[in-house]
>>> print(open('start.cif').read())   # mmCIF, C-alpha atoms; chains and numbers go by the auth columns
data_model
loop_
_atom_site.group_PDB
_atom_site.id
_atom_site.type_symbol
_atom_site.label_atom_id
_atom_site.label_comp_id
_atom_site.label_asym_id
_atom_site.label_seq_id
_atom_site.Cartn_x
_atom_site.Cartn_y
_atom_site.Cartn_z
_atom_site.B_iso_or_equiv
_atom_site.auth_seq_id
_atom_site.auth_asym_id
ATOM 1 C CA MET A 1 -299.713 78.397 21.971 0.00 1 A
ATOM 2 C CA ASP A 2 -296.146 78.327 23.241 0.00 2 A
ATOM 3 C CA LYS A 3 -297.144 76.774 26.545 0.00 3 A
ATOM 4 C CA VAL A 4 -298.683 73.672 25.015 0.00 4 A
ATOM 5 C CA LEU A 5 -295.428 72.898 23.260 0.00 5 A
ATOM 6 C CA ARG A 6 -293.767 72.092 26.560 0.00 6 A
ATOM 7 C CA THR A 7 -294.283 68.837 28.382 0.00 7 A
ATOM 8 C CA ALA A 8 -296.331 69.490 31.481 0.00 8 A
ATOM 9 C CA PRO A 9 -294.532 68.901 34.778 0.00 9 A
ATOM 10 C CA GLY A 10 -294.816 65.409 36.133 0.00 10 A
ATOM 11 C CA THR A 11 -296.376 63.892 33.022 0.00 11 A
ATOM 12 C CA ALA A 12 -293.398 61.766 31.987 0.00 12 A
ATOM 13 C CA THR A 13 -294.203 58.120 32.585 0.00 13 A
ATOM 14 C CA SER A 14 -291.004 56.456 31.376 0.00 14 A
ATOM 15 C CA ALA A 15 -287.345 57.260 31.007 0.00 15 A
ATOM 16 C CA PRO A 16 -286.588 59.230 27.819 0.00 16 A
ATOM 17 C CA GLU A 17 -285.106 57.260 24.950 0.00 17 A
ATOM 18 C CA VAL A 18 -281.415 57.968 24.374 0.00 18 A
ATOM 19 C CA ARG A 19 -280.317 57.641 20.755 0.00 19 A
ATOM 20 C CA ARG A 20 -276.937 56.480 19.524 0.00 20 A
ATOM 21 C CA ILE A 21 -275.223 59.246 17.527 0.00 21 A
ATOM 22 C CA GLY A 22 -272.139 59.493 15.357 0.00 22 A
ATOM 23 C CA MET A 23 -269.436 62.126 15.062 0.00 23 A
ATOM 24 C CA ASP A 24 -271.399 63.826 12.305 0.00 24 A
ATOM 25 C CA ALA A 25 -274.012 64.838 14.892 0.00 25 A
ATOM 26 C CA LEU A 26 -271.418 67.025 16.617 0.00 26 A
ATOM 27 C CA GLY A 27 -270.715 68.983 13.446 0.00 27 A
ATOM 28 C CA ALA A 28 -274.421 69.294 12.744 0.00 28 A
ATOM 29 C CA ALA A 29 -275.033 70.639 16.262 0.00 29 A
ATOM 30 C CA LEU A 30 -272.257 73.222 15.893 0.00 30 A
ATOM 31 C CA ARG A 31 -273.548 74.362 12.507 0.00 31 A
ATOM 32 C CA ALA A 32 -277.094 74.666 13.860 0.00 32 A
ATOM 33 C CA GLY A 33 -275.771 76.532 16.898 0.00 33 A
ATOM 34 C CA LEU A 34 -273.878 78.976 14.688 0.00 34 A
ATOM 35 C CA GLN A 35 -276.993 79.525 12.595 0.00 35 A
ATOM 36 C CA ASP A 36 -279.063 80.257 15.698 0.00 36 A
ATOM 37 C CA PHE A 37 -276.454 82.732 16.860 0.00 37 A
ATOM 38 C CA LEU A 38 -276.307 84.506 13.488 0.00 38 A
ATOM 39 C CA GLN A 39 -280.083 84.750 13.354 0.00 39 A
ATOM 40 C CA THR A 40 -280.441 85.860 16.994 0.00 40 A
ATOM 41 C CA PRO A 41 -277.117 87.407 18.094 0.00 41 A
ATOM 42 C CA THR A 42 -276.639 87.692 21.844 0.00 42 A
ATOM 43 C CA GLN A 43 -272.964 88.658 22.073 0.00 43 A
ATOM 44 C CA LEU A 44 -273.788 92.043 23.632 0.00 44 A
ATOM 45 C CA ILE A 45 -275.540 90.309 26.519 0.00 45 A
ATOM 46 C CA PHE A 46 -272.467 88.184 27.181 0.00 46 A
ATOM 47 C CA LEU A 47 -270.149 91.179 26.908 0.00 47 A
ATOM 48 C CA CYS A 48 -272.289 93.131 29.370 0.00 48 A
ATOM 49 C CA VAL A 49 -272.282 90.232 31.836 0.00 49 A
ATOM 50 C CA LEU A 50 -268.911 88.602 31.238 0.00 50 A
ATOM 51 C CA TYR A 51 -266.559 91.551 31.544 0.00 51 A
ATOM 52 C CA PRO A 52 -268.036 93.108 34.689 0.00 52 A
ATOM 53 C CA ALA A 53 -267.956 89.634 36.277 0.00 53 A
ATOM 54 C CA ILE A 54 -264.313 89.066 35.336 0.00 54 A
ATOM 55 C CA GLY A 55 -263.407 92.601 36.424 0.00 55 A
ATOM 56 C CA LEU A 56 -265.149 92.129 39.758 0.00 56 A
ATOM 57 C CA VAL A 57 -263.353 88.844 40.359 0.00 57 A
ATOM 58 C CA ALA A 58 -259.986 90.352 39.442 0.00 58 A
ATOM 59 C CA ALA A 59 -260.549 93.410 41.647 0.00 59 A
ATOM 60 C CA THR A 60 -261.660 91.249 44.570 0.00 60 A
ATOM 61 C CA LEU A 61 -258.644 88.986 44.298 0.00 61 A
ATOM 62 C CA ALA A 62 -256.272 91.932 43.882 0.00 62 A
ATOM 63 C CA ALA A 63 -257.705 93.520 47.008 0.00 63 A
ATOM 64 C CA GLY A 64 -257.105 90.281 48.859 0.00 64 A
ATOM 65 C CA GLY A 65 -253.475 90.255 47.764 0.00 65 A
ATOM 66 C CA ASN A 66 -252.711 86.688 48.804 0.00 66 A
ATOM 67 C CA ALA A 67 -255.645 85.277 46.825 0.00 67 A
ATOM 68 C CA MET A 68 -254.316 86.069 43.333 0.00 68 A
ATOM 69 C CA HIS A 69 -253.440 82.399 42.872 0.00 69 A
ATOM 70 C CA LEU A 70 -257.198 81.742 42.578 0.00 70 A
ATOM 71 C CA PHE A 71 -257.695 83.952 39.517 0.00 71 A
ATOM 72 C CA TYR A 72 -256.942 81.181 37.015 0.00 72 A
ATOM 73 C CA PRO A 73 -259.060 78.577 38.865 0.00 73 A
ATOM 74 C CA MET A 74 -261.946 81.054 39.004 0.00 74 A
ATOM 75 C CA ALA A 75 -261.631 81.951 35.316 0.00 75 A
ATOM 76 C CA ALA A 76 -261.397 78.287 34.328 0.00 76 A
ATOM 77 C CA GLY A 77 -264.163 77.397 36.757 0.00 77 A
ATOM 78 C CA PHE A 78 -266.645 79.618 34.927 0.00 78 A
ATOM 79 C CA ALA A 79 -267.017 76.679 32.550 0.00 79 A
ATOM 80 C CA LEU A 80 -268.442 74.665 35.449 0.00 80 A
ATOM 81 C CA VAL A 81 -271.394 77.047 35.774 0.00 81 A
ATOM 82 C CA GLY A 82 -271.632 77.681 32.031 0.00 82 A
ATOM 83 C CA PRO A 83 -274.792 75.552 31.643 0.00 83 A
ATOM 84 C CA ILE A 84 -276.631 78.017 33.876 0.00 84 A
ATOM 85 C CA ALA A 85 -275.660 80.954 31.653 0.00 85 A
ATOM 86 C CA ALA A 86 -276.697 78.960 28.571 0.00 86 A
ATOM 87 C CA LEU A 87 -280.308 78.454 29.700 0.00 87 A
ATOM 88 C CA GLY A 88 -281.540 81.516 27.824 0.00 88 A
ATOM 89 C CA LEU A 89 -279.780 80.297 24.685 0.00 89 A
ATOM 90 C CA TYR A 90 -281.530 76.937 24.946 0.00 90 A
ATOM 91 C CA GLU A 91 -284.834 78.816 25.082 0.00 91 A
ATOM 92 C CA ILE A 92 -284.013 80.788 21.933 0.00 92 A
ATOM 93 C CA SER A 93 -283.072 77.603 20.067 0.00 93 A
ATOM 94 C CA ARG A 94 -286.197 75.877 21.363 0.00 94 A
ATOM 95 C CA ARG A 95 -288.389 78.658 20.026 0.00 95 A
ATOM 96 C CA ARG A 96 -286.652 78.793 16.645 0.00 96 A
ATOM 97 C CA GLU A 97 -286.962 75.016 16.325 0.00 97 A
ATOM 98 C CA ARG A 98 -290.737 75.333 16.762 0.00 98 A
ATOM 99 C CA GLY A 99 -291.092 78.217 14.346 0.00 99 A
ATOM 100 C CA LEU A 100 -291.816 80.773 17.075 0.00 100 A
ATOM 101 C CA ALA A 101 -290.526 84.327 17.140 0.00 101 A
ATOM 102 C CA ALA A 102 -287.195 84.544 18.953 0.00 102 A
ATOM 103 C CA SER A 103 -285.027 87.443 20.082 0.00 103 A
ATOM 104 C CA TRP A 104 -282.559 88.190 22.865 0.00 104 A
ATOM 105 C CA VAL A 105 -285.512 89.145 25.069 0.00 105 A
ATOM 106 C CA ASN A 106 -286.591 85.501 25.161 0.00 106 A
ATOM 107 C CA VAL A 107 -283.586 84.569 27.302 0.00 107 A
ATOM 108 C CA PHE A 108 -285.692 85.723 30.253 0.00 108 A
ATOM 109 C CA ASP A 109 -288.536 83.331 29.399 0.00 109 A
ATOM 110 C CA VAL A 110 -286.620 80.690 31.340 0.00 110 A
ATOM 111 C CA LEU A 111 -287.875 82.350 34.529 0.00 111 A
ATOM 112 C CA ARG A 112 -291.433 81.339 33.551 0.00 112 A
ATOM 113 C CA SER A 113 -290.535 77.746 32.763 0.00 113 A
ATOM 114 C CA PRO A 114 -292.623 75.065 34.536 0.00 114 A
ATOM 115 C CA ALA A 115 -289.299 73.474 35.481 0.00 115 A
ATOM 116 C CA ILE A 116 -287.821 76.564 37.143 0.00 116 A
ATOM 117 C CA GLY A 117 -287.712 74.798 40.520 0.00 117 A
ATOM 118 C CA SER A 118 -285.740 71.863 39.109 0.00 118 A
ATOM 119 C CA ILE A 119 -283.518 74.214 37.115 0.00 119 A
ATOM 120 C CA PHE A 120 -282.781 76.230 40.255 0.00 120 A
ATOM 121 C CA ALA A 121 -281.957 73.085 42.244 0.00 121 A
ATOM 122 C CA LEU A 122 -279.537 71.851 39.587 0.00 122 A
ATOM 123 C CA GLY A 123 -278.031 75.335 39.374 0.00 123 A
ATOM 124 C CA VAL A 124 -277.392 75.337 43.120 0.00 124 A
ATOM 125 C CA LEU A 125 -275.616 71.998 42.700 0.00 125 A
ATOM 126 C CA LEU A 126 -273.355 73.493 40.020 0.00 126 A
ATOM 127 C CA VAL A 127 -272.532 76.491 42.181 0.00 127 A
ATOM 128 C CA GLY A 128 -271.623 74.052 44.959 0.00 128 A
ATOM 129 C CA VAL A 129 -269.306 72.185 42.578 0.00 129 A
ATOM 130 C CA PHE A 130 -267.716 75.498 41.576 0.00 130 A
ATOM 131 C CA LEU A 131 -267.047 76.420 45.215 0.00 131 A
ATOM 132 C CA LEU A 132 -265.657 72.930 45.882 0.00 132 A
ATOM 133 C CA TRP A 133 -263.303 73.376 42.922 0.00 133 A
ATOM 134 C CA LEU A 134 -262.035 76.678 44.360 0.00 134 A
ATOM 135 C CA TRP A 135 -261.464 74.989 47.719 0.00 135 A
ATOM 136 C CA ALA A 136 -259.526 72.193 45.994 0.00 136 A
ATOM 137 C CA ALA A 137 -257.448 74.703 43.997 0.00 137 A
ATOM 138 C CA ASP A 138 -256.589 76.609 47.174 0.00 138 A
ATOM 139 C CA ALA A 139 -255.634 73.363 48.934 0.00 139 A
ATOM 140 C CA ILE A 140 -253.379 72.369 46.019 0.00 140 A
ATOM 141 C CA PHE A 141 -251.687 75.770 46.141 0.00 141 A
ATOM 142 C CA ALA A 142 -251.148 75.463 49.901 0.00 142 A
ATOM 143 C CA ALA A 143 -249.658 71.983 49.516 0.00 143 A
ATOM 144 C CA THR A 144 -247.218 73.041 46.779 0.00 144 A
ATOM 145 C CA LEU A 145 -246.353 76.734 46.475 0.00 145 A
ATOM 146 C CA GLY A 146 -247.643 77.554 49.928 0.00 146 A
ATOM 147 C CA HIS A 147 -244.309 76.525 51.461 0.00 147 A
ATOM 148 C CA LEU A 148 -242.202 78.844 49.289 0.00 148 A
ATOM 149 C CA PRO A 149 -241.107 82.344 50.425 0.00 149 A
ATOM 150 C CA ALA A 150 -244.019 84.790 50.271 0.00 150 A
ATOM 151 C CA ASP A 151 -241.909 87.426 48.465 0.00 151 A
ATOM 152 C CA LEU A 152 -241.204 85.080 45.524 0.00 152 A
ATOM 153 C CA PRO A 153 -243.129 86.356 42.457 0.00 153 A
ATOM 154 C CA LEU A 154 -245.973 84.010 41.534 0.00 154 A
ATOM 155 C CA GLN A 155 -244.883 83.663 37.900 0.00 155 A
ATOM 156 C CA GLN A 156 -241.371 82.693 38.940 0.00 156 A
ATOM 157 C CA ALA A 157 -242.674 80.263 41.550 0.00 157 A
ATOM 158 C CA LEU A 158 -244.935 78.612 38.983 0.00 158 A
ATOM 159 C CA PHE A 159 -242.505 78.054 36.150 0.00 159 A
ATOM 160 C CA GLU A 160 -239.089 77.978 37.804 0.00 160 A
ATOM 161 C CA THR A 161 -239.616 75.664 40.771 0.00 161 A
ATOM 162 C CA PRO A 162 -240.499 71.949 41.075 0.00 162 A
ATOM 163 C CA GLU A 163 -243.355 72.915 43.396 0.00 163 A
ATOM 164 C CA GLY A 164 -244.783 75.179 40.723 0.00 164 A
ATOM 165 C CA TRP A 165 -244.823 72.445 38.098 0.00 165 A
ATOM 166 C CA ARG A 166 -246.379 70.035 40.583 0.00 166 A
ATOM 167 C CA MET A 167 -249.142 72.560 41.188 0.00 167 A
ATOM 168 C CA ILE A 168 -249.707 73.039 37.447 0.00 168 A
ATOM 169 C CA TRP A 169 -249.999 69.315 36.741 0.00 169 A
ATOM 170 C CA LEU A 170 -252.026 68.468 39.821 0.00 170 A
ATOM 171 C CA GLY A 171 -254.295 71.494 39.468 0.00 171 A
ATOM 172 C CA ASN A 172 -255.086 70.777 35.841 0.00 172 A
ATOM 173 C CA LEU A 173 -255.681 67.091 36.579 0.00 173 A
ATOM 174 C CA VAL A 174 -258.119 67.863 39.385 0.00 174 A
ATOM 175 C CA GLY A 175 -259.746 70.580 37.279 0.00 175 A
ATOM 176 C CA PHE A 176 -260.204 68.090 34.445 0.00 176 A
ATOM 177 C CA CYS A 177 -261.986 65.704 36.813 0.00 177 A
ATOM 178 C CA PHE A 178 -264.342 68.469 37.964 0.00 178 A
ATOM 179 C CA ALA A 179 -265.057 69.530 34.377 0.00 179 A
ATOM 180 C CA ALA A 180 -265.640 65.945 33.235 0.00 180 A
ATOM 181 C CA ALA A 181 -268.080 65.302 36.084 0.00 181 A
ATOM 182 C CA VAL A 182 -270.054 68.478 35.312 0.00 182 A
ATOM 183 C CA LEU A 183 -270.117 67.629 31.600 0.00 183 A
ATOM 184 C CA VAL A 184 -271.498 64.143 32.234 0.00 184 A
ATOM 185 C CA LEU A 185 -274.116 65.359 34.711 0.00 185 A
ATOM 186 C CA THR A 186 -275.344 68.463 32.882 0.00 186 A
ATOM 187 C CA ALA A 187 -274.627 68.237 29.136 0.00 187 A
ATOM 188 C CA ILE A 188 -278.153 66.938 28.560 0.00 188 A
ATOM 189 C CA SER A 189 -279.916 67.670 31.846 0.00 189 A
ATOM 190 C CA PHE A 190 -280.325 71.455 31.619 0.00 190 A
ATOM 191 C CA PRO A 191 -281.786 71.567 28.089 0.00 191 A
ATOM 192 C CA MET A 192 -283.949 68.576 28.967 0.00 192 A
ATOM 193 C CA LEU A 193 -285.415 70.320 32.009 0.00 193 A
ATOM 194 C CA LEU A 194 -286.267 73.312 29.851 0.00 194 A
ATOM 195 C CA ASP A 195 -287.887 71.045 27.279 0.00 195 A
ATOM 196 C CA ARG A 196 -289.714 68.658 29.615 0.00 196 A
ATOM 197 C CA ASP A 197 -289.788 68.773 33.398 0.00 197 A
ATOM 198 C CA GLY A 198 -289.355 65.233 34.620 0.00 198 A
ATOM 199 C CA GLY A 199 -287.350 66.318 37.648 0.00 199 A
ATOM 200 C CA VAL A 200 -283.663 66.714 38.417 0.00 200 A
ATOM 201 C CA ALA A 201 -283.025 63.010 39.001 0.00 201 A
ATOM 202 C CA GLU A 202 -284.456 61.988 35.620 0.00 202 A
ATOM 203 C CA ALA A 203 -282.604 64.780 33.783 0.00 203 A
ATOM 204 C CA VAL A 204 -279.237 63.924 35.362 0.00 204 A
ATOM 205 C CA ALA A 205 -279.787 60.194 34.827 0.00 205 A
ATOM 206 C CA THR A 206 -280.582 60.838 31.154 0.00 206 A
ATOM 207 C CA SER A 207 -277.409 62.894 30.774 0.00 207 A
ATOM 208 C CA VAL A 208 -275.351 60.063 32.298 0.00 208 A
ATOM 209 C CA ARG A 209 -277.050 57.526 29.992 0.00 209 A
ATOM 210 C CA ALA A 210 -276.264 59.753 27.008 0.00 210 A
ATOM 211 C CA PHE A 211 -272.561 59.376 27.829 0.00 211 A
ATOM 212 C CA ALA A 212 -272.921 55.641 28.472 0.00 212 A
ATOM 213 C CA VAL A 213 -274.594 55.096 25.092 0.00 213 A
ATOM 214 C CA ASN A 214 -272.322 57.514 23.198 0.00 214 A
ATOM 215 C CA PRO A 215 -269.008 57.555 25.099 0.00 215 A
ATOM 216 C CA LEU A 216 -266.764 58.598 22.215 0.00 216 A
ATOM 217 C CA PRO A 217 -268.962 61.282 20.607 0.00 217 A
ATOM 218 C CA MET A 218 -269.818 62.830 23.967 0.00 218 A
ATOM 219 C CA ALA A 219 -266.172 62.776 25.068 0.00 219 A
ATOM 220 C CA VAL A 220 -265.192 64.461 21.801 0.00 220 A
ATOM 221 C CA TRP A 221 -267.948 67.004 22.419 0.00 221 A
ATOM 222 C CA GLY A 222 -266.391 67.798 25.786 0.00 222 A
ATOM 223 C CA LEU A 223 -263.008 68.227 24.093 0.00 223 A
ATOM 224 C CA ILE A 224 -264.535 70.558 21.486 0.00 224 A
ATOM 225 C CA VAL A 225 -266.110 72.652 24.245 0.00 225 A
ATOM 226 C CA ALA A 226 -262.811 72.855 26.155 0.00 226 A
ATOM 227 C CA VAL A 227 -260.784 73.828 23.070 0.00 227 A
ATOM 228 C CA LEU A 228 -263.278 76.477 21.935 0.00 228 A
ATOM 229 C CA LEU A 229 -263.489 77.968 25.422 0.00 229 A
ATOM 230 C CA PHE A 230 -259.691 78.095 25.590 0.00 230 A
ATOM 231 C CA LEU A 231 -259.399 79.763 22.178 0.00 231 A
ATOM 232 C CA GLY A 232 -262.173 82.198 23.042 0.00 232 A
ATOM 233 C CA SER A 233 -260.340 83.172 26.223 0.00 233 A
ATOM 234 C CA LEU A 234 -257.024 83.991 24.565 0.00 234 A
ATOM 235 C CA PRO A 235 -257.712 87.540 23.289 0.00 235 A
ATOM 236 C CA LEU A 236 -258.603 88.905 26.744 0.00 236 A
ATOM 237 C CA PHE A 237 -261.776 86.778 26.868 0.00 237 A
ATOM 238 C CA ILE A 238 -263.290 88.746 23.949 0.00 238 A
ATOM 239 C CA GLY A 239 -263.880 85.612 21.889 0.00 239 A
ATOM 240 C CA LEU A 240 -266.095 84.165 24.613 0.00 240 A
ATOM 241 C CA ALA A 241 -268.810 86.645 23.617 0.00 241 A
ATOM 242 C CA VAL A 242 -269.227 84.548 20.455 0.00 242 A
ATOM 243 C CA VAL A 243 -267.995 81.137 21.601 0.00 243 A
ATOM 244 C CA LEU A 244 -270.359 80.899 24.585 0.00 244 A
ATOM 245 C CA PRO A 245 -273.571 81.648 22.637 0.00 245 A
ATOM 246 C CA VAL A 246 -272.636 79.306 19.779 0.00 246 A
ATOM 247 C CA LEU A 247 -271.826 76.481 22.209 0.00 247 A
ATOM 248 C CA GLY A 248 -275.031 77.136 24.124 0.00 248 A
ATOM 249 C CA HIS A 249 -277.187 76.886 21.016 0.00 249 A
ATOM 250 C CA ALA A 250 -275.200 73.885 19.787 0.00 250 A
ATOM 251 C CA THR A 251 -275.755 72.086 23.097 0.00 251 A
ATOM 252 C CA TRP A 252 -279.514 72.390 22.598 0.00 252 A
ATOM 253 C CA HIS A 253 -279.258 70.791 19.151 0.00 253 A
ATOM 254 C CA LEU A 254 -277.019 68.046 20.515 0.00 254 A
ATOM 255 C CA TYR A 255 -279.643 67.336 23.166 0.00 255 A
ATOM 256 C CA ARG A 256 -282.317 67.093 20.465 0.00 256 A
ATOM 257 C CA ALA A 257 -280.122 64.646 18.538 0.00 257 A
ATOM 258 C CA VAL A 258 -279.444 62.452 21.566 0.00 258 A
ATOM 259 C CA VAL A 259 -282.806 62.409 23.369 0.00 259 A
ATOM 260 C CA ALA A 260 -285.889 61.273 21.460 0.00 260 A
#
>>> encode(input="start.cif", output="structure tokens")
Amino acid sequence: MDKVLRTAPGTATSAPEVRRIGMDALGAALRAGLQDFLQTPTQLIFLCVLYPAIGLVAATLAAGGNAMHLFYPMAAGFALVGPIAALGLYEISRRRERGLAASWVNVFDVLRSPAIGSIFALGVLLVGVFLLWLWAADAIFAATLGHLPADLPLQQALFETPEGWRMIWLGNLVGFCFAAAVLVLTAISFPMLLDRDGGVAEAVATSVRAFAVNPLPMAVWGLIVAVLLFLGSLPLFIGLAVVLPVLGHATWHLYRAVVA
């Protein structure tokens, strides 16, 4: 029964209709996302994945010694590949929306999706963007703090030198551009591929049209995501175990509000 609820690959004959939404749709999506999370909690999955990943990154950078300046860009850059981690959450919300049984086990149903090829291709693109962001962050560091004495503590170099402040402003500006591009390209495309496989090009084009039709609400949505991710990261990333699932579920409901 579940299989017939998906659109068969290649059956879409026209571009999906993009609806115009108001600010109230953002609140509705967040409330629906919270409800999905409360009904099907997945925080243990995120704790089991998130902390080993962060620990591995930290240990790798510490071993490298001179690569510690990439810890913040890597931690912040996780948001760039967040849509990949949210795929299982979209599946849970999709099932609950259709009245089907849903549990944390269903996060793995994504692997049987008819659109897995398109999902994988878009995921590879996101990983490429993430690696490009790390390259840009390293280049910014080299162009600013890279000329300072190597024995100068990083914290002192960051906040007590003009080069450090230049790196902070430039790094955050470039990071914002990367995050904005990923948001525009993938806010709608990943849940759409899971719902109906029309191909990567159609999914990305629909996501871009969603922003063109709803520039202010979608921009505010991006701001909400950024603020919640920041707040969730403050207590040693613990809050992300709740923030990430809620945002993932909410993104599905936003997609359903935007795309007919």
>>> resolve_selection(input="start.cif", expression="the PyMOL selection byres ((chain A and resi 210) around 12)", output="count of residues only")
38
>>> residues_around(input="start.cif", residues="Val107 (chain A)", least_positions_apart="4", cutoff="12 Å", atoms="only C-alpha atoms", output="number ranges by chain")
A: 40-42, 45-46, 84-95, 102-103, 111-113, 194, 245, 248-249
>>> closest_residue(input="start.cif", among="A:Ala76, A:Leu170, A:Val81, A:Leu125", to="Phe230 (chain A)", atoms="all atoms listed in the file")
A:Ala76
>>> resolve_selection(input="start.cif", expression="the PyMOL selection byres ((chain A and resi 33) around 10)", output="ChimeraX atom specification")
/A:27-32,34-39,89-90,93,245-254
>>> atom_distance(input="start.cif", atom1="CA of Met23 (chain A)", atom2="CA of Gly99 (chain A)")
27.0 Å
>>> atom_distance(input="start.cif", atom1="CA of Gly171 (chain A)", atom2="CA of Ala139 (chain A)")
9.7 Å
>>> atom_distance(input="start.cif", atom1="CA of Ala121 (chain A)", atom2="CA of Ala25 (chain A)")
29.7 Å
>>> residues_around(input="start.cif", residues="Gly77 (chain A)", least_positions_apart="5", cutoff="12 Å", atoms="all atoms listed in the file", output="PyMOL selection string")
chain A and resi 54+70-72+82-83+126-137+171-172+174-179+182+226+229
>>> axis_aligned_box(input="start.cif", around="region 25-34 of chain A", padding_each_side="3 Å", output="lines of an AutoDock Vina configuration file")
center_x = -273.9
center_y = 71.9
center_z = 14.7
size_x = 12.4
size_y = 20.1
size_z = 10.4
>>> residues_around(input="start.cif", residues="Ser118 (chain A)", least_positions_apart="6", cutoff="9 Å", atoms="only C-alpha atoms", output="list in words")
Leu193, Asp197, Gly198, Gly199 and Val200 of chain A
>>> decode(input="start.cif", residues="region 102-154 of chain A", atoms="C-alpha atoms", output="mmCIF file, in the first residue's frame")
data_model
loop_
_atom_site.group_PDB
_atom_site.id
_atom_site.type_symbol
_atom_site.label_atom_id
_atom_site.label_comp_id
_atom_site.auth_asym_id
_atom_site.auth_seq_id
_atom_site.Cartn_x
_atom_site.Cartn_y
_atom_site.Cartn_z
ATOM 1 C CA ALA A 102 5.961 5.380 11.795
ATOM 2 C CA SER A 103 8.914 4.783 14.097
ATOM 3 C CA TRP A 104 12.628 5.558 14.163
ATOM 4 C CA VAL A 105 13.203 2.404 12.111
ATOM 5 C CA ASN A 106 11.528 4.066 9.131
ATOM 6 C CA VAL A 107 14.449 6.471 8.714
ATOM 7 C CA PHE A 108 16.114 3.659 6.766
ATOM 8 C CA ASP A 109 13.205 3.380 4.317
ATOM 9 C CA VAL A 110 14.852 6.188 2.365
ATOM 10 C CA LEU A 111 17.304 3.604 1.021
ATOM 11 C CA ARG A 112 14.390 1.905 -0.784
ATOM 12 C CA SER A 113 13.033 5.109 -2.277
ATOM 13 C CA PRO A 114 12.504 5.101 -6.073
ATOM 14 C CA ALA A 115 14.415 8.389 -6.083
ATOM 15 C CA ILE A 116 17.507 7.074 -4.291
ATOM 16 C CA GLY A 117 19.671 7.742 -7.359
ATOM 17 C CA SER A 118 18.578 11.384 -7.543
ATOM 18 C CA ILE A 119 18.890 11.749 -3.774
ATOM 19 C CA PHE A 120 22.429 10.363 -3.901
ATOM 20 C CA ALA A 121 23.395 12.720 -6.737
ATOM 21 C CA LEU A 122 22.097 15.759 -4.862
ATOM 22 C CA GLY A 123 23.838 14.532 -1.714
ATOM 23 C CA VAL A 124 27.146 14.324 -3.570
ATOM 24 C CA LEU A 125 26.612 17.921 -4.689
ATOM 25 C CA LEU A 126 26.113 19.013 -1.071
ATOM 26 C CA VAL A 127 29.240 17.201 0.059
ATOM 27 C CA GLY A 128 31.111 19.002 -2.725
ATOM 28 C CA VAL A 129 29.771 22.345 -1.479
ATOM 29 C CA PHE A 130 30.870 21.433 2.053
ATOM 30 C CA LEU A 131 34.412 20.646 0.881
ATOM 31 C CA LEU A 132 34.498 23.875 -1.149
ATOM 32 C CA TRP A 133 33.478 25.790 1.981
ATOM 33 C CA LEU A 134 36.354 24.221 3.942
ATOM 34 C CA TRP A 135 38.763 25.172 1.157
ATOM 35 C CA ALA A 136 37.449 28.751 1.229
ATOM 36 C CA ALA A 137 37.737 28.908 5.037
ATOM 37 C CA ASP A 138 41.332 27.676 4.874
ATOM 38 C CA ALA A 139 42.148 30.235 2.166
ATOM 39 C CA ILE A 140 40.640 33.040 4.270
ATOM 40 C CA PHE A 141 42.715 31.943 7.258
ATOM 41 C CA ALA A 142 45.883 31.869 5.141
ATOM 42 C CA ALA A 143 45.183 35.349 3.773
ATOM 43 C CA THR A 144 44.587 36.874 7.221
ATOM 44 C CA LEU A 145 46.001 35.062 10.254
ATOM 45 C CA GLY A 146 48.368 32.970 8.185
ATOM 46 C CA HIS A 147 50.939 35.784 8.212
ATOM 47 C CA LEU A 148 51.040 36.121 12.009
ATOM 48 C CA PRO A 149 53.653 34.347 14.192
ATOM 49 C CA ALA A 150 52.862 30.638 14.508
ATOM 50 C CA ASP A 151 53.360 30.698 18.304
ATOM 51 C CA LEU A 152 50.601 33.305 18.787
ATOM 52 C CA PRO A 153 47.602 31.610 20.482
ATOM 53 C CA LEU A 154 44.654 31.312 18.104
#
